[in-house]
Amino acid sequence: GHRNAGRRRLWCSVAMPLTHALPHMLGVALWRIELDEPFDDALRAELEPQEWARAARFVFERDRRRYLNGRHALRRLLGQQLNTAPSDLRIAANAYGKPELVSHRGVSFNASHSQGLGLIALLTPAAGPWQAVGVDVEVGPAPPDATALADSAFDPSDARALAGVAEPNAHGAAFWRGWTRREAALKAIGTGFGRDDVRLITTLGDGPVQVDAHVGPAHWQLQLDSRLEPGLGAVAVAVARLQSAGGPSSR
């Protein structure tokens with residue numbers, strides 16, 4: 001028992017040169033991950049066998065390296081938070097593919113990546129009554145077909161708001177706010193884009209907003225925040241709690 005506890009403390013004290021702490025958003029702790037750094041195969045003991053199996057399926061070495069760096073950083077950060085060896089954590093995907101901790105309670109996490117940059121978000125009970133977190137990061141300018149993408153992916157009211165922004169730079173920034181907020185919100189709820197019955201208006205203005213989302217009969221309350229992070233790109237964080245699963249509100 002004492003030996004295992006010491007082992008956990010040792011794992012949690014090891015530095016992670018690939019990670020850089022960012023300012024909190026909505027009480028959520030954020031880390032930037034440099035995914036294109038070399039991955040040391042000596043660290044494979046900290047990963048689960050299925051993670052190595054998934055890494056082996058990537059065709060390009062660059063994608064393999066990015067996946068391994070992101071997964072390793074996630075395990076190290078969760079291990080620090082939970083005072084647990086990274087290899088002792090059990091992470092599994094839900095029905096919609098969202099990774100979740102199945103071996104420990106007390107922290108919700110989410111990760112996102114764009115090109116060689118990753119973002120990891122950790123939500124603990126100390127952040128308030130929120131149950132789950134979602135995060136999205138997008139690097140680079142808005143795509144040239146941003147309006148068409150918004151028409152197909154956004155709530156109609158968000159798509160109309162975007163269409164009303166004429167100035168190109170402001171249009172691109174508004175698109176990224178809507179896109180990253182929606183992605184982060186869907187990841188917080190746990191569905192991703194795996195369902196087409198989600199009703200969610202994110203709004204495209206600056207600053208944090210509180211919104212409702214309906215997923216079939218379920219009603220979620222969310223807070224969304226987004227910003228353009230210098231050197232990182234467009235970032236959005238969503239925190240969510242289930243208000244009701246079809247019956248009276250759980251408030």
# chains A, B, ... in the order shown; residues from 1 in each chain; ligands from 1
>>> closest_atom_pairs(of="segment 101-133 of chain A", to="segment 81-95 of chain A", cutoff="8 Å", atoms="only C-alpha atoms", output="Markdown table")
| residue | atom | partner | partner_atom | distance |
| --- | --- | --- | --- | --- |
| A:Leu101 | CA | A:Ile91 | CA | 4.6 |
| A:Val102 | CA | A:Arg90 | CA | 5.6 |
| A:Ser103 | CA | A:Arg90 | CA | 5.1 |
| A:His104 | CA | A:Leu89 | CA | 7.3 |
| A:Val107 | CA | A:Gln81 | CA | 8.0 |
>>> residues_around(residues="Val237 of chain A", least_positions_apart="2", cutoff="9 Å", atoms="only C-alpha atoms", output="list in words")
Met25, Leu26, Val28, Ala121, Val133, Gly134, Val135, Asp136, Thr180, Arg181, Ala184, Ala185, Ala188, Gln223, Leu224, Asp225, Ser226, Val235 and Val239 of chain A
>>> closest_residue(among="A:Gly216, A:Leu149, A:Gln243, A:Arg177", to="Thr191 of chain A", atoms="only C-alpha atoms")
A:Gly216
>>> select_by_dssp(residues="segment 128-245 of chain A", states="helix (DSSP H, G or I)", output="ChimeraX atom specification")
/A:146-153,156-163,168-189
>>> residues_around(residues="Ala153 of chain A", least_positions_apart="6", cutoff="10 Å", atoms="only C-alpha atoms", output="ChimeraX atom specification")
/A:147,159,178-179,182-183,193,196
>>> write_last_selection(atoms="all heavy atoms", output="JSON list (two decimals), in the first residue's frame")
[["chain", "number", "residue", "atom", "x", "y", "z"],
["A", 147, "THR", "N", -19.70, 30.20, -44.78],
["A", 147, "THR", "CA", -21.14, 30.46, -44.80],
["A", 147, "THR", "C", -21.92, 29.19, -45.08],
["A", 147, "THR", "O", -22.94, 28.90, -44.43],
["A", 147, "THR", "CB", -21.47, 31.53, -45.85],
["A", 147, "THR", "OG1", -20.79, 32.74, -45.50],
["A", 147, "THR", "CG2", -22.96, 31.80, -45.90],
["A", 159, "ALA", "N", -26.91, 30.89, -38.00],
["A", 159, "ALA", "CA", -26.51, 31.05, -39.40],
["A", 159, "ALA", "C", -26.94, 32.42, -39.93],
["A", 159, "ALA", "O", -26.19, 33.07, -40.67],
["A", 159, "ALA", "CB", -27.12, 29.94, -40.25],
["A", 178, "GLY", "N", -18.93, 30.63, -33.41],
["A", 178, "GLY", "CA", -20.07, 29.72, -33.52],
["A", 178, "GLY", "C", -19.65, 28.27, -33.67],
["A", 178, "GLY", "O", -20.22, 27.37, -33.03],
["A", 179, "TRP", "N", -18.64, 28.03, -34.50],
["A", 179, "TRP", "CA", -18.22, 26.66, -34.77],
["A", 179, "TRP", "C", -17.61, 26.01, -33.53],
["A", 179, "TRP", "O", -17.98, 24.89, -33.15],
["A", 179, "TRP", "CB", -17.20, 26.65, -35.91],
["A", 179, "TRP", "CG", -16.78, 25.25, -36.29],
["A", 179, "TRP", "CD1", -15.75, 24.53, -35.76],
["A", 179, "TRP", "CD2", -17.40, 24.40, -37.26],
["A", 179, "TRP", "NE1", -15.68, 23.30, -36.33],
["A", 179, "TRP", "CE2", -16.69, 23.18, -37.26],
["A", 179, "TRP", "CE3", -18.49, 24.56, -38.11],
["A", 179, "TRP", "CZ2", -17.03, 22.12, -38.09],
["A", 179, "TRP", "CZ3", -18.82, 23.50, -38.95],
["A", 179, "TRP", "CH2", -18.10, 22.30, -38.93],
["A", 182, "ARG", "N", -20.19, 25.47, -30.72],
["A", 182, "ARG", "CA", -21.09, 24.34, -30.97],
["A", 182, "ARG", "C", -20.37, 23.01, -30.76],
["A", 182, "ARG", "O", -20.91, 22.09, -30.13],
["A", 182, "ARG", "CB", -21.67, 24.43, -32.39],
["A", 182, "ARG", "CG", -22.66, 23.32, -32.71],
["A", 182, "ARG", "CD", -23.37, 23.54, -34.04],
["A", 182, "ARG", "NE", -24.29, 22.46, -34.31],
["A", 182, "ARG", "CZ", -25.53, 22.39, -33.81],
["A", 182, "ARG", "NH1", -25.97, 23.36, -33.02],
["A", 182, "ARG", "NH2", -26.32, 21.37, -34.10],
["A", 183, "GLU", "N", -19.15, 22.92, -31.28],
["A", 183, "GLU", "CA", -18.39, 21.68, -31.10],
["A", 183, "GLU", "C", -18.14, 21.40, -29.62],
["A", 183, "GLU", "O", -18.32, 20.27, -29.14],
["A", 183, "GLU", "CB", -17.06, 21.80, -31.86],
["A", 183, "GLU", "CG", -16.14, 20.61, -31.71],
["A", 183, "GLU", "CD", -16.51, 19.43, -32.59],
["A", 183, "GLU", "OE1", -17.49, 19.55, -33.36],
["A", 183, "GLU", "OE2", -15.85, 18.39, -32.50],
["A", 193, "PHE", "N", -21.15, 15.10, -32.88],
["A", 193, "PHE", "CA", -22.07, 15.25, -34.00],
["A", 193, "PHE", "C", -22.81, 13.94, -34.29],
["A", 193, "PHE", "O", -23.32, 13.74, -35.39],
["A", 193, "PHE", "CB", -21.31, 15.71, -35.25],
["A", 193, "PHE", "CG", -20.92, 17.17, -35.18],
["A", 193, "PHE", "CD1", -19.65, 17.54, -34.78],
["A", 193, "PHE", "CD2", -21.82, 18.15, -35.51],
["A", 193, "PHE", "CE1", -19.28, 18.88, -34.72],
["A", 193, "PHE", "CE2", -21.47, 19.49, -35.44],
["A", 193, "PHE", "CZ", -20.20, 19.85, -35.05],
["A", 196, "ASP", "N", -28.63, 13.97, -34.70],
["A", 196, "ASP", "CA", -29.13, 15.10, -35.49],
["A", 196, "ASP", "C", -30.37, 15.73, -34.87],
["A", 196, "ASP", "O", -31.04, 16.54, -35.51],
["A", 196, "ASP", "CB", -29.42, 14.67, -36.93],
["A", 196, "ASP", "CG", -30.43, 13.52, -37.02],
["A", 196, "ASP", "OD1", -31.01, 13.16, -35.98],
["A", 196, "ASP", "OD2", -30.63, 13.00, -38.13]]
>>> atom_distance(atom1="atom CA of Asn69 of chain A", atom2="atom CA of Asp36 of chain A")
7.9 Å
